[in-house]
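Have a look at the structure below, then the notes.
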There are 2 protein chains.
Amino acid sequence: MRKLISHACLSLAGYPYNLDFDFSVMAQFQNFSINNLGDPFIESNYGVHSRQFEVAVLDWFARLWDLQQDEYWGYITNCGTEGNLHGLLVGRELFPDGIIYASRESHYSVFKAARMYRVECVEIDTLVTGEMNCADFKSKLSRNAGRPAIVNVNIGTTVKGAIDDLDRIIRTLEKCGFRDRFYIHCDGALAGLMMPFIKQAPKVTFKKPIGSVSVSGHKFMGCPVPCGVVITRLEHVKVLSTDIEYLSSRDATIMGSRNGHAPMSLWYTLNKKGYRGIRKEVQKCLRNAHHLANRLREAGVSAYLNELSSTVVFERPQDEAFVHKWQLACEGSIAHVVVMPNVSVEKLNDFVEELIGERQRWHEGGGFRVPCVAKDIGQENCLCGVHDKKLRVV
Amino acid sequence: MRKLISHACLSLAGYPYNLDFDFSVMAQFQNFSINNLGDPFIESNYGVHSRQFEVAVLDWFARLWDLQQDEYWGYITNCGTEGNLHGLLVGRELFPDGIIYASRESHYSVFKAARMYRVECVEIDTLVTGEMNCADFKSKLSRNAGRPAIVNVNIGTTVKGAIDDLDRIIRTLEKCGFRDRFYIHCDGALAGLMMPFIKQAPKVTFKKPIGSVSVSGHKFMGCPVPCGVVITRLEHVKVLSTDIEYLSSRDATIMGSRNGHAPMSLWYTLNKKGYRGIRKEVQKCLRNAHHLANRLREAGVSAYLNELSSTVVFERPQDEAFVHKWQLACEGSIAHVVVMPNVSVEKLNDFVEELIGERQRWHEGGGFRVPCVAKDIGQENCLCGVHDKKLRVV
């Protein structure tokens with residue numbers, strides 16, 4: 001397993017092996033079955049919980065996204081999917097005849113939610129960057145002007161790490177006459193925690209007319225168990241709540257029993273790193289991602305990196321054993337590396353060296369041609385025989 | 001926390017502090033972020049998983065419920081709720097115009113599922129035991145003869161531990177003309193794992209026309225993280241599956257990322273205890289539950305215990321501090337104790353002694369009357385002034 005973990009750092013969705021995490025701190029709690037069932041803000045009659053930690057973590061995120069303590073509701077989820085399921089359910093309960101709009105590069109849980117909830121889902125085209133194409137959004141909104149809009153906004157798409165343009169999406173909704181008839185859920189699974197620490201990044205904030213935001217806790221934060229956070233407006237969640245007498249609590253979550261170790265891990269990590277620590281790690285990730293993209297391009301590998309992202313997209317390696325060893329996530333002709341805090345420059349250099357070596361081996365076989373990835377990452381980023389300017393006969 | 005844990009053994013839904021669990025075995029894996037995302041039967045490209053353990057656990061449960069290895073599908077869930085959400089979703093996808101039938105003493109997640117999935121839900125009355133009232137079921141089925149039935153069958157209700165009569169439910173469906181137009185999900189959260197080890201218990205088996213079964217892993221099994229198991233027929237789950245290229249896996253679960261430590265805990269517990277060990281623990285629980293019910297009755301406390309259950313129902317203590325100390329789950333006029341493997345006779349005796357002492361204190365105040373719980377647990381079990389035969393003037 002150690003061997004797998006040493007490579008897992010370059011793996012599909014950025015589950016880092018958290019080098020900073022002091023597991024001995026958590027070890028003393030591992031022997032307890034800690035269960036935060038029900039509503040985080042209402043004590044139930046099961047005593048072995050970690051609600052104090054949960055609420056402290058939620059407070060931290062609410063503050064980060066500009067909601068006052070008495071204006072928000074939320075909970076610590078099992079994963080990013082649960083955050084999306086919750087946000088979109090709140091949207092549907094507020095607008096029962098709404099339509100879900102999501103770019104086609106949204107996480108699969110968004111489309112799963114639409115199917116589960118029996119809500120019509122309209123897929124929006126994307127730009128080559130992976131962002132939602134707002135022109136297409138506008139035209140599709142206009143076709144359904146009579147029904148409210150429930151919009152999934154990606155704060156970092158799964159494959160390309162693209163950030164949908166929240167401000168433009170809101171303007172589009174308002175221009176199309178949807179004022180007060182829309183609900184926005186921001187899926188910030190990976191980058192939702194990175195954006196607030198990048199100066200030039202568009203701001204995700206409840207000062208804008210959004211309904212909910214979710215992030216994962218086991219990605220950028222590096223918690224050792226899958227978890228996440230979802231925050232919504234207190235007024236919204238009332239539509240979902242049901243009193244459960246035998247818990248002497250209220251039920252407004254998707255799941256019932258919830259892992260009580262996760263809030264403690266999150267609380268510990270947030271407090272240990274602090275704003276300053278997180279900012280430093282975000283900067284390091286962006287720097288290292290740029291380094292990787294540049295090294296790949298120098299080696300003649302087509303690569304692309306969104307400006308505010310640490311996800312490097314590049315041509316799909318031809319050898320499945322190589323893909324497997326480095327645990328690369330692939331889609332069509334492209335693969336990606338999610339550069340998380342634990343990924344060092346040395347590790348990235350090793351990866352590039354090995355890719356170059358392997359590529360030469362594929363060349364030797366005679367069958368290798370630099371694959372064209374223009375449709376995936378744009379002509380200007382494609383280094384295939386047709387698109388590479390250096391190779392082009394003028 | 002230790003103080004809370006020492007009492008948590010008598011808590012609401014039976015989350016035992018597992019005295020047998022050798023945490024040192026698991027400790028070596030606590031430092032790894034183990035994630036079983038996607039389908040348990042298809043390797044994804046994330047390397048740090050525990051799928052081998054997950055599949056071994058699923059095989060064990062499929063065998064327990066009489067499904068061949070090539071006939072079943074399932075996964076390890078985050079909790080009992082997820083198992084119910086999954087089973088009922090499979091039912092709805094098979095019968096999109098179906099109606100969910102569930103006894104009113106079903107777990108709240110069943111009603112939540114109906115709301116989430118936009119499926120009409122018909123509540124069935126219960127007998128005083130807590131079982132589904134099949135006469136009422138029949139009459140409600142007849143009123144909706146045109147639409148298929150998705151039935152939630154409780155293998156242990158939350159409050160009274162009542163076992164719905166599966167065979168009678170199937171006969172009722174067939175008599176009412178629903179042959180081939182029904183789907184049965186068995187919610188075995190607590191007792192689903194106990195039933196197979198009680199000789200005289202009705203058998204939950206896929207040899208009967210059921211669609212899915214779910215259990216919790218942190219209740220009777222005592223896993224230190226919330227988890228559960230859901231098993232369904234392979235042919236059924238195909239309606240739900242979606243290929244997810246970037247995971248190089250398939251998605252047929254409710255959640256995305258899934259805790260990889262849970263399958264290891266379950267695997268370890270099943271192997272350590274074995275059939276023989278589990279049978280012994282089930283017998284101990286039933287024996288101890290009978291002991292508790294008898295001690296309560298002897299002390300003049302109205303109490304009720306379903307024949308195949310280890311959940312003892314009794315009059316709700318009048319003092320909230322007492323309820324809180326022993327972490328009792330209450331509903332209306334009744335409370336319950338779920339007697340799990342970790343609950344010793346000594347602990348139960350302590351509890352009864354303290355309850356008797358407190359009750360005398362309440363008497364002294366002058367305001368205490370033995371409360372009537374006839375409508376909750378039946379006249380014959382009620383020891384109030386009106387119903388207690390010993391007290392009645394003949």
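Labels for the structure tokens follow display order: chains A, B, ..., residues from 1 in each chain, ligands from 1.
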Tell me which protein, DNA and RNA residues are within 8 Å of region 301-318 of chain A, counting only C-alpha atoms, leaving out same-chain ones fewer than 2 positions away, and put them as an NGL selection string.
:A and (129 or 156 or 159-163 or 191 or 195 or 198 or 201 or 285-286 or 288-290 or 292-293 or 296-299 or 320 or 322-323 or 330 or 332-340 or 355 or 362 or 370-371 or 373 or 377 or 381-384)
Find the residues near region 168-179 of chain B: any atom within 8 Å, counting only C-alpha atoms, skip ones fewer than 2 places away on the same chain, and give them as a PyMOL selection string.
chain B and resi 134+137-138+141-142+145+148-149+165-166+181-182+209
For Gly80 (chain B), work out the shell of residues within 10 Å, counting only C-alpha atoms and skipping chain neighbours fewer than 3 positions away, then give it as a count of residues only.
25
In terms of only C-alpha atoms, the residue from B:Thr242, B:Ser50, B:Asn259, B:Gln379 at minimal distance from chain A is B:Asn259
Counting only C-alpha atoms, give me one row per residue of chain A with an atom at most 6 Å from an atom of chain B, showing the shortest contact pair and its distance in Å to one decimal, sorted by chain then residue number, as a tab-separated table.
residue	atom	partner	partner_atom	distance
A:Leu4	CA	B:Gly47	CA	5.8
A:Ser33	CA	B:Pro224	CA	4.2
A:Asn45	CA	B:Gln327	CA	5.3
A:Tyr46	CA	B:Gln327	CA	5.7
A:Gly47	CA	B:Leu4	CA	5.8
A:Cys79	CA	B:Ser257	CA	5.8
A:Thr81	CA	B:Gly256	CA	5.5
A:Met116	CA	B:Tyr117	CA	5.7
A:Tyr117	CA	B:Tyr117	CA	4.9
A:Pro224	CA	B:Ser33	CA	4.2
A:Val225	CA	B:Ser33	CA	5.7
A:Pro226	CA	B:Asn259	CA	5.8
A:Glu245	CA	B:Glu331	CA	6.0
A:Tyr246	CA	B:Cys330	CA	5.2
A:Met255	CA	B:Thr81	CA	5.8
A:Gly256	CA	B:Thr81	CA	5.5
A:Ser257	CA	B:Cys79	CA	5.8
A:Asn259	CA	B:Pro226	CA	5.8
A:Gln327	CA	B:Asn45	CA	5.3
A:Ala329	CA	B:Tyr246	CA	5.3
A:Cys330	CA	B:Tyr246	CA	5.2
A:Glu331	CA	B:Tyr246	CA	5.2
Please, which residues of region 30-216 of chain B, numbered as in this document, come out strand (DSSP E or B) from DSSP, as a ChimeraX atom specification?
/B:35,72-77,99-103,121-124,126,132,149-155,163,182-187,212-216
